[in-house]
Amino acid sequence: MFRLILKMAWKNSFLRLSRTLLVIIMIAVSMSMMLALQGLYDGMAENMLDKNKRSDSGDITLYAKDYRLNPEIKNSILDAQSIKEDIAKMNGVKAVMMRLNADGLASTARKSSFASIVGIDLAEEEKFGEFSEFLNSGALNFSKRGALVGIELAKTLKLRIGSKVIFSTQDASGEINSIALRVRGIVQTTNIRLDNFAIYVPREKVSSFLALNSTTATQISISSDDETLQKTLQTKYSQLDVKSFFELQPMMQMMQDMMVIFNSITFFIVMLVVFIGILGVMYVSILDRVREFGIMLGIGMRYKYIRLQIILESLIIGFIGFVLGSIFGVLFLYYLGVYGLDLSEFADAMQSFGYETILYATIKLSYFTNTFLAIMMASVLSVLLPLRKIKKLNPVEVIKAQI
């Protein structure tokens, strides 16, 4: 019996071929657009999270207790080198790096701006976050008092490769010191704070400039996937402030939450379109076949078999739309994942908010599984109203009315 009902459902699904194909195409196009938007949203968020982690704080960062409230060099980690070496030996730690930061004033002959000098070790930075990927122009070269400058700071001070910039700040002894630097490279990390204020210089040079010991650092950052590592570090280094990435950058967490909301709204709209589309087709189809259903009920076919047939018709349309939409969606996501969506026309505005000018999509299996379940559910729900009409049919009256 089920095979007969399935065969009838398949044939009746394409009884009005143009109408059915229109709904299938509508489902496929809506679904593929939704998948492309979800992939772009998630790709943009993941790219920002990844670059912010690799360019600065990693997954976990250690500071001196008072440093985040009062970011002065007196609140530095004095034995940072030994702590870094101990952490590097822990299980689950991929990479560790330490930095020495100080706020001050960067000046050229015509302009000046607040800035931060950031003492780094290029070898450490490369291992930690592939720092060379952030180079926008110039070279990763610290020779002859060389420095790397954040791209927005370079724009503010109108710096180019080879430009001279003077950085001034107060050292550990309370004296005002200045250092003259040559721009060897311009760096773009999409980390707003670094791109707007950072001047990268070798850590040893910054230590000497600030009259600090070479083992001193203001932060120790760790790259790790171990979710228990933070608690271990908090216990072992209770004298330090141990923070996770999202604790340091709550805006990133908010951005992720916003992306979930955007994706949910998009998902709801597409599913509503699918629901209305299938409802319209099935309702009109049932109205066209009222006499057929009346005769079937009149000769003794039970209502549950008619209900099953209509539900199967709806599921067939939804499933074909899903398959076609998945094919389109994979093609769109693959293209956007490889070539990206180029928004170079809005480069200045996007970079000022920490976004890439080319957005790349990501592909997740959950996009397709969640969409499949939702389309199947929408397909079933869309026939509830037409089924109520059939259930109320009086076979004798229907047959008389058609004579």
# chains A, B, ... in the order shown; residues from 1 in each chain; ligands from 1
call {"tool": "residues_around", "arguments": {"residues": "Leu308 of chain A", "least_positions_apart": "3", "cutoff": "9 Å", "atoms": "only C-alpha atoms", "output": "list in words"}}
result
Phe2, Ile5, Leu6, Ala9, Tyr303, Lys304, Tyr305, Ile311, Leu312 and Glu313 of chain A
call {"tool": "closest_residue", "arguments": {"among": "A:Leu331, A:Lys391, A:Ile317, A:Ser112", "to": "Leu297 of chain A", "atoms": "only C-alpha atoms"}}
result
A:Lys391
call {"tool": "closest_atom_pairs", "arguments": {"of": "segment 25-60 of chain A", "to": "segment 268-271 of chain A", "cutoff": "9 Å", "atoms": "only C-alpha atoms", "output": "tab-separated table"}}
result
residue	atom	partner	partner_atom	distance
A:Ile27	CA	A:Val270	CA	8.2
A:Ser30	CA	A:Val270	CA	6.0
A:Met31	CA	A:Val270	CA	6.7
A:Met34	CA	A:Val270	CA	7.1
call {"tool": "write_last_selection", "arguments": {"atoms": "N, CA and C atoms", "output": "short mmCIF file (atom, residue, chain, number, x, y, z; two decimals), in the first residue's frame"}}
result
data_model
loop_
_atom_site.label_atom_id
_atom_site.label_comp_id
_atom_site.auth_asym_id
_atom_site.auth_seq_id
_atom_site.Cartn_x
_atom_site.Cartn_y
_atom_site.Cartn_z
N ILE A 27 12.73 27.57 -3.73
CA ILE A 27 13.38 26.98 -2.55
C ILE A 27 14.89 26.93 -2.74
N SER A 30 16.47 30.56 -2.74
CA SER A 30 16.42 31.13 -1.39
C SER A 30 17.42 30.45 -0.47
N MET A 31 17.47 29.12 -0.55
CA MET A 31 18.37 28.36 0.31
C MET A 31 19.82 28.66 -0.01
N MET A 34 20.80 31.99 1.31
CA MET A 34 20.92 31.93 2.76
C MET A 34 22.24 31.29 3.17
#
call {"tool": "residues_around", "arguments": {"residues": "Asn52 of chain A", "least_positions_apart": "2", "cutoff": "10 Å", "atoms": "only C-alpha atoms", "output": "PyMOL selection string"}}
result
chain A and resi 46-50+54-59+129+189-192+194+245+249+252+354
call {"tool": "closest_atom_pairs", "arguments": {"of": "segment 209-267 of chain A", "to": "segment 71-79 of chain A", "cutoff": "8 Å", "atoms": "only C-alpha atoms", "output": "CSV"}}
result
residue,atom,partner,partner_atom,distance
A:Asn213,CA,A:Leu78,CA,7.8
A:Thr215,CA,A:Asp79,CA,5.9
A:Thr216,CA,A:Leu78,CA,4.5
A:Ala217,CA,A:Ile77,CA,5.3
A:Thr218,CA,A:Ser76,CA,4.6
A:Gln219,CA,A:Ile77,CA,7.3
call {"tool": "write_last_selection", "arguments": {"atoms": "C-alpha atoms", "output": "JSON list (two decimals), in the first residue's frame"}}
result
[["chain", "number", "residue", "atom", "x", "y", "z"],
["A", 213, "ASN", "CA", 65.70, 44.21, 32.45],
["A", 215, "THR", "CA", 63.49, 39.43, 31.05],
["A", 216, "THR", "CA", 60.67, 41.91, 31.74],
["A", 217, "ALA", "CA", 57.42, 41.92, 29.74],
["A", 218, "THR", "CA", 53.98, 43.46, 30.04],
["A", 219, "GLN", "CA", 52.18, 40.44, 28.60]]
call {"tool": "select_by_dssp", "arguments": {"residues": "segment 139-354 of chain A", "states": "strand (DSSP E or B)", "output": "compact mmCIF listing (two decimals) with N, CA and C atoms, in the first residue's frame"}}
result
# COMPACT_ATOMS: atom_id res chain seq x y z
N GLY A 146 65.18 50.28 12.65
CA GLY A 146 63.94 50.06 11.91
C GLY A 146 62.77 49.76 12.82
N ALA A 147 61.58 50.03 12.31
CA ALA A 147 60.35 49.77 13.05
C ALA A 147 59.25 49.40 12.07
N LEU A 148 58.27 48.68 12.57
CA LEU A 148 57.05 48.36 11.82
C LEU A 148 55.92 49.18 12.43
N VAL A 149 55.06 49.73 11.58
CA VAL A 149 54.01 50.64 12.05
C VAL A 149 52.64 50.12 11.62
N GLY A 150 51.64 50.25 12.52
CA GLY A 150 50.26 49.90 12.19
C GLY A 150 49.74 50.77 11.05
N LYS A 164 60.83 58.88 8.87
CA LYS A 164 61.38 58.93 10.22
C LYS A 164 60.28 59.29 11.21
N VAL A 165 60.23 58.61 12.33
CA VAL A 165 59.25 58.89 13.37
C VAL A 165 59.96 58.85 14.72
N ILE A 166 59.58 59.74 15.61
CA ILE A 166 60.18 59.81 16.94
C ILE A 166 59.13 59.43 17.97
N PHE A 167 59.50 58.47 18.83
CA PHE A 167 58.57 58.03 19.88
C PHE A 167 59.11 58.49 21.22
N SER A 168 58.23 59.10 22.03
CA SER A 168 58.63 59.62 23.34
C SER A 168 57.73 59.04 24.42
N THR A 169 58.34 58.69 25.55
CA THR A 169 57.56 58.19 26.69
C THR A 169 58.42 58.28 27.94
N GLN A 170 57.80 57.93 29.06
CA GLN A 170 58.52 57.94 30.34
C GLN A 170 59.10 56.56 30.61
N ILE A 176 61.88 61.25 30.80
CA ILE A 176 61.27 61.26 29.48
C ILE A 176 62.35 60.91 28.46
N ASN A 177 62.14 59.81 27.74
CA ASN A 177 63.08 59.36 26.73
C ASN A 177 62.45 59.41 25.35
N SER A 178 63.29 59.59 24.36
CA SER A 178 62.83 59.58 22.97
C SER A 178 63.73 58.68 22.15
N ILE A 179 63.15 58.08 21.13
CA ILE A 179 63.93 57.23 20.24
C ILE A 179 63.51 57.52 18.80
N ALA A 180 64.50 57.68 17.93
CA ALA A 180 64.22 57.94 16.51
C ALA A 180 64.21 56.62 15.75
N LEU A 181 63.18 56.42 14.94
CA LEU A 181 62.99 55.15 14.23
C LEU A 181 62.72 55.41 12.75
N ARG A 182 63.09 54.43 11.93
CA ARG A 182 62.79 54.47 10.50
C ARG A 182 61.74 53.40 10.18
N VAL A 183 60.75 53.78 9.43
CA VAL A 183 59.69 52.84 9.07
C VAL A 183 60.22 51.88 8.01
N ARG A 184 60.29 50.60 8.36
CA ARG A 184 60.73 49.57 7.41
C ARG A 184 59.56 48.76 6.85
N GLY A 185 58.45 48.79 7.54
CA GLY A 185 57.28 48.05 7.07
C GLY A 185 56.01 48.58 7.69
N ILE A 186 54.90 48.41 7.00
CA ILE A 186 53.58 48.80 7.51
C ILE A 186 52.74 47.54 7.68
N VAL A 187 52.13 47.41 8.84
CA VAL A 187 51.46 46.18 9.24
C VAL A 187 49.96 46.41 9.35
N ALA A 198 50.08 50.99 17.13
CA ALA A 198 51.28 50.19 17.38
C ALA A 198 52.49 50.59 16.53
N ILE A 199 53.65 50.66 17.21
CA ILE A 199 54.95 50.78 16.56
C ILE A 199 55.78 49.59 17.06
N TYR A 200 56.08 48.65 16.17
CA TYR A 200 56.79 47.43 16.57
C TYR A 200 58.30 47.64 16.47
N VAL A 201 58.98 47.29 17.55
CA VAL A 201 60.43 47.44 17.65
C VAL A 201 60.96 46.18 18.34
N PRO A 202 62.22 45.77 18.10
CA PRO A 202 62.77 44.59 18.81
C PRO A 202 62.65 44.74 20.33
N ALA A 217 58.43 41.81 30.79
CA ALA A 217 57.42 41.92 29.74
C ALA A 217 56.12 42.41 30.35
N GLN A 219 53.15 41.50 28.86
CA GLN A 219 52.18 40.44 28.60
C GLN A 219 52.88 39.17 28.14
N ILE A 220 52.27 38.05 28.48
CA ILE A 220 52.69 36.74 27.98
C ILE A 220 51.46 36.10 27.37
N SER A 221 51.51 35.85 26.08
CA SER A 221 50.34 35.31 25.37
C SER A 221 50.58 33.87 24.95
N ILE A 222 49.50 33.08 24.99
CA ILE A 222 49.60 31.65 24.76
C ILE A 222 48.59 31.23 23.70
N SER A 223 49.03 30.38 22.79
CA SER A 223 48.15 29.77 21.81
C SER A 223 47.90 28.33 22.24
N SER A 224 46.63 27.99 22.47
CA SER A 224 46.30 26.65 22.96
C SER A 224 44.82 26.35 22.73
N LEU A 240 49.44 36.61 39.12
CA LEU A 240 49.23 37.27 37.84
C LEU A 240 47.76 37.28 37.46
N ASP A 241 47.44 38.11 36.50
CA ASP A 241 46.08 38.22 35.97
C ASP A 241 46.01 37.36 34.70
N VAL A 242 45.28 36.25 34.76
CA VAL A 242 45.19 35.30 33.64
C VAL A 242 43.83 35.45 32.98
N LYS A 243 43.81 35.90 31.72
CA LYS A 243 42.56 36.17 31.04
C LYS A 243 42.47 35.42 29.72
N SER A 244 41.24 34.98 29.40
CA SER A 244 41.00 34.34 28.11
C SER A 244 40.78 35.41 27.05
N LEU A 341 34.53 37.80 -1.49
CA LEU A 341 33.68 38.90 -1.95
C LEU A 341 34.50 40.19 -1.80
N ASP A 342 34.87 40.77 -2.92
CA ASP A 342 35.76 41.94 -2.93
C ASP A 342 34.96 43.21 -2.65
call {"tool": "closest_residue", "arguments": {"among": "A:Leu153, A:Ile316, A:Met97, A:Ile265", "to": "Glu126 of chain A", "atoms": "only C-alpha atoms"}}
result
A:Met97
call {"tool": "closest_residue", "arguments": {"among": "A:Thr61, A:Ser113, A:Ser264, A:Thr362", "to": "Phe332 of chain A", "atoms": "only C-alpha atoms"}}
result
A:Thr362
call {"tool": "closest_residue", "arguments": {"among": "A:Gln309, A:Gln234, A:Ser314, A:Ser326", "to": "Met33 of chain A", "atoms": "only C-alpha atoms"}}
result
A:Ser326
call {"tool": "select_by_dssp", "arguments": {"residues": "segment 41-265 of chain A", "states": "alpha helix (DSSP H)", "output": "PyMOL selection string"}}
result
chain A and resi 41-52+80-88+122-129+151-157+192-197+203-209+229-236+245-248+250-265
call {"tool": "closest_residue", "arguments": {"among": "A:Val323, A:Ile83, A:Met377, A:Ile390", "to": "Gly294 of chain A", "atoms": "only C-alpha atoms"}}
result
A:Ile390
call {"tool": "closest_residue", "arguments": {"among": "A:Ala109, A:Gly138, A:Asp226, A:Asp103", "to": "Val206 of chain A", "atoms": "only C-alpha atoms"}}
result
A:Asp103
call {"tool": "residues_around", "arguments": {"residues": "Lys127 of chain A", "least_positions_apart": "2", "cutoff": "10 Å", "atoms": "only C-alpha atoms", "output": "NGL selection string"}}
result
:A and (54 or 94-97 or 122-125 or 129-131)
call {"tool": "write_last_selection", "arguments": {"atoms": "N, CA and C atoms", "output": "compact mmCIF listing (two decimals), in the first residue's frame"}}
result
# COMPACT_ATOMS: atom_id res chain seq x y z
N ARG A 54 46.00 35.87 16.71
CA ARG A 54 47.38 35.69 16.23
C ARG A 54 48.19 36.97 16.33
N LYS A 94 50.61 25.37 22.30
CA LYS A 94 51.16 25.35 20.93
C LYS A 94 52.33 26.32 20.79
N ALA A 95 52.15 27.53 21.32
CA ALA A 95 53.19 28.56 21.20
C ALA A 95 53.01 29.59 22.30
N VAL A 96 54.11 30.22 22.68
CA VAL A 96 54.09 31.28 23.70
C VAL A 96 54.95 32.43 23.22
N MET A 97 54.50 33.63 23.44
CA MET A 97 55.32 34.80 23.13
C MET A 97 55.10 35.86 24.20
N LEU A 122 60.63 38.80 16.43
CA LEU A 122 60.02 38.37 15.17
C LEU A 122 59.93 36.86 15.04
N ALA A 123 60.94 36.14 15.50
CA ALA A 123 60.91 34.67 15.43
C ALA A 123 59.77 34.12 16.28
N GLU A 124 59.61 34.68 17.47
CA GLU A 124 58.51 34.26 18.35
C GLU A 124 57.16 34.57 17.72
N GLU A 125 57.04 35.78 17.18
CA GLU A 125 55.78 36.22 16.58
C GLU A 125 55.41 35.36 15.37
N GLY A 129 51.95 33.46 15.57
CA GLY A 129 50.80 33.87 14.76
C GLY A 129 51.10 34.17 13.32
N GLU A 130 52.24 33.66 12.81
CA GLU A 130 52.62 33.91 11.41
C GLU A 130 52.54 35.41 11.12
N PHE A 131 53.33 36.15 11.84
CA PHE A 131 53.29 37.62 11.80
C PHE A 131 53.56 38.17 10.41
call {"tool": "atom_distance", "arguments": {"atom1": "atom CA of Gly329 of chain A", "atom2": "atom CA of Gln38 of chain A"}}
result
10.4 Å
call {"tool": "atom_distance", "arguments": {"atom1": "atom CA of Leu15 of chain A", "atom2": "atom CA of Ala378 of chain A"}}
result
21.1 Å
call {"tool": "residues_around", "arguments": {"residues": "segment 318-322 of chain A", "least_positions_apart": "2", "cutoff": "10 Å", "atoms": "only C-alpha atoms", "output": "ChimeraX atom specification"}}
result
/A:20-32,274-275,277-278,312-316,324-329,368,371-380
call {"tool": "write_last_selection", "arguments": {"atoms": "C-alpha atoms", "output": "CSV table (one decimal), in the first residue's frame"}}
result
chain,number,residue,atom,x,y,z
A,20,THR,CA,6.0,22.7,-9.1
A,21,LEU,CA,9.3,23.7,-10.8
A,22,LEU,CA,8.7,27.3,-9.9
A,23,VAL,CA,8.4,26.4,-6.2
A,24,ILE,CA,11.5,24.1,-6.4
A,25,ILE,CA,13.6,26.8,-8.0
A,26,MET,CA,12.3,29.3,-5.4
A,27,ILE,CA,13.4,27.0,-2.5
A,28,ALA,CA,16.8,26.3,-4.2
A,29,VAL,CA,17.6,30.0,-4.8
A,30,SER,CA,16.4,31.1,-1.4
A,31,MET,CA,18.4,28.4,0.3
A,32,SER,CA,21.6,29.0,-1.7
A,274,VAL,CA,9.6,27.9,1.7
A,275,PHE,CA,6.5,27.4,3.9
A,277,GLY,CA,5.6,28.6,-1.4
A,278,ILE,CA,4.8,24.9,-0.6
A,312,LEU,CA,4.7,12.8,0.8
A,313,GLU,CA,3.9,15.2,-2.1
A,314,SER,CA,5.0,18.1,0.0
A,315,LEU,CA,8.2,16.3,1.2
A,316,ILE,CA,9.1,15.4,-2.4
A,324,LEU,CA,19.1,21.7,-5.8
A,325,GLY,CA,19.7,24.4,-3.2
A,326,SER,CA,22.5,22.4,-1.7
A,327,ILE,CA,24.2,22.1,-5.1
A,328,PHE,CA,23.9,25.9,-5.7
A,329,GLY,CA,25.0,26.6,-2.1
A,368,PHE,CA,23.0,21.8,5.4
A,371,THR,CA,18.4,23.5,6.6
A,372,PHE,CA,17.3,20.0,5.6
A,373,LEU,CA,15.5,19.5,8.9
A,374,ALA,CA,13.9,23.0,8.6
A,375,ILE,CA,12.7,22.5,5.0
A,376,MET,CA,11.3,19.1,5.9
A,377,MET,CA,9.5,20.6,8.8
A,378,ALA,CA,8.2,23.5,6.7
A,379,SER,CA,7.0,21.0,4.1
A,380,VAL,CA,5.0,19.1,6.6
call {"tool": "atom_distance", "arguments": {"atom1": "atom CA of Ala88 of chain A", "atom2": "atom CA of Ile117 of chain A"}}
result
25.3 Å
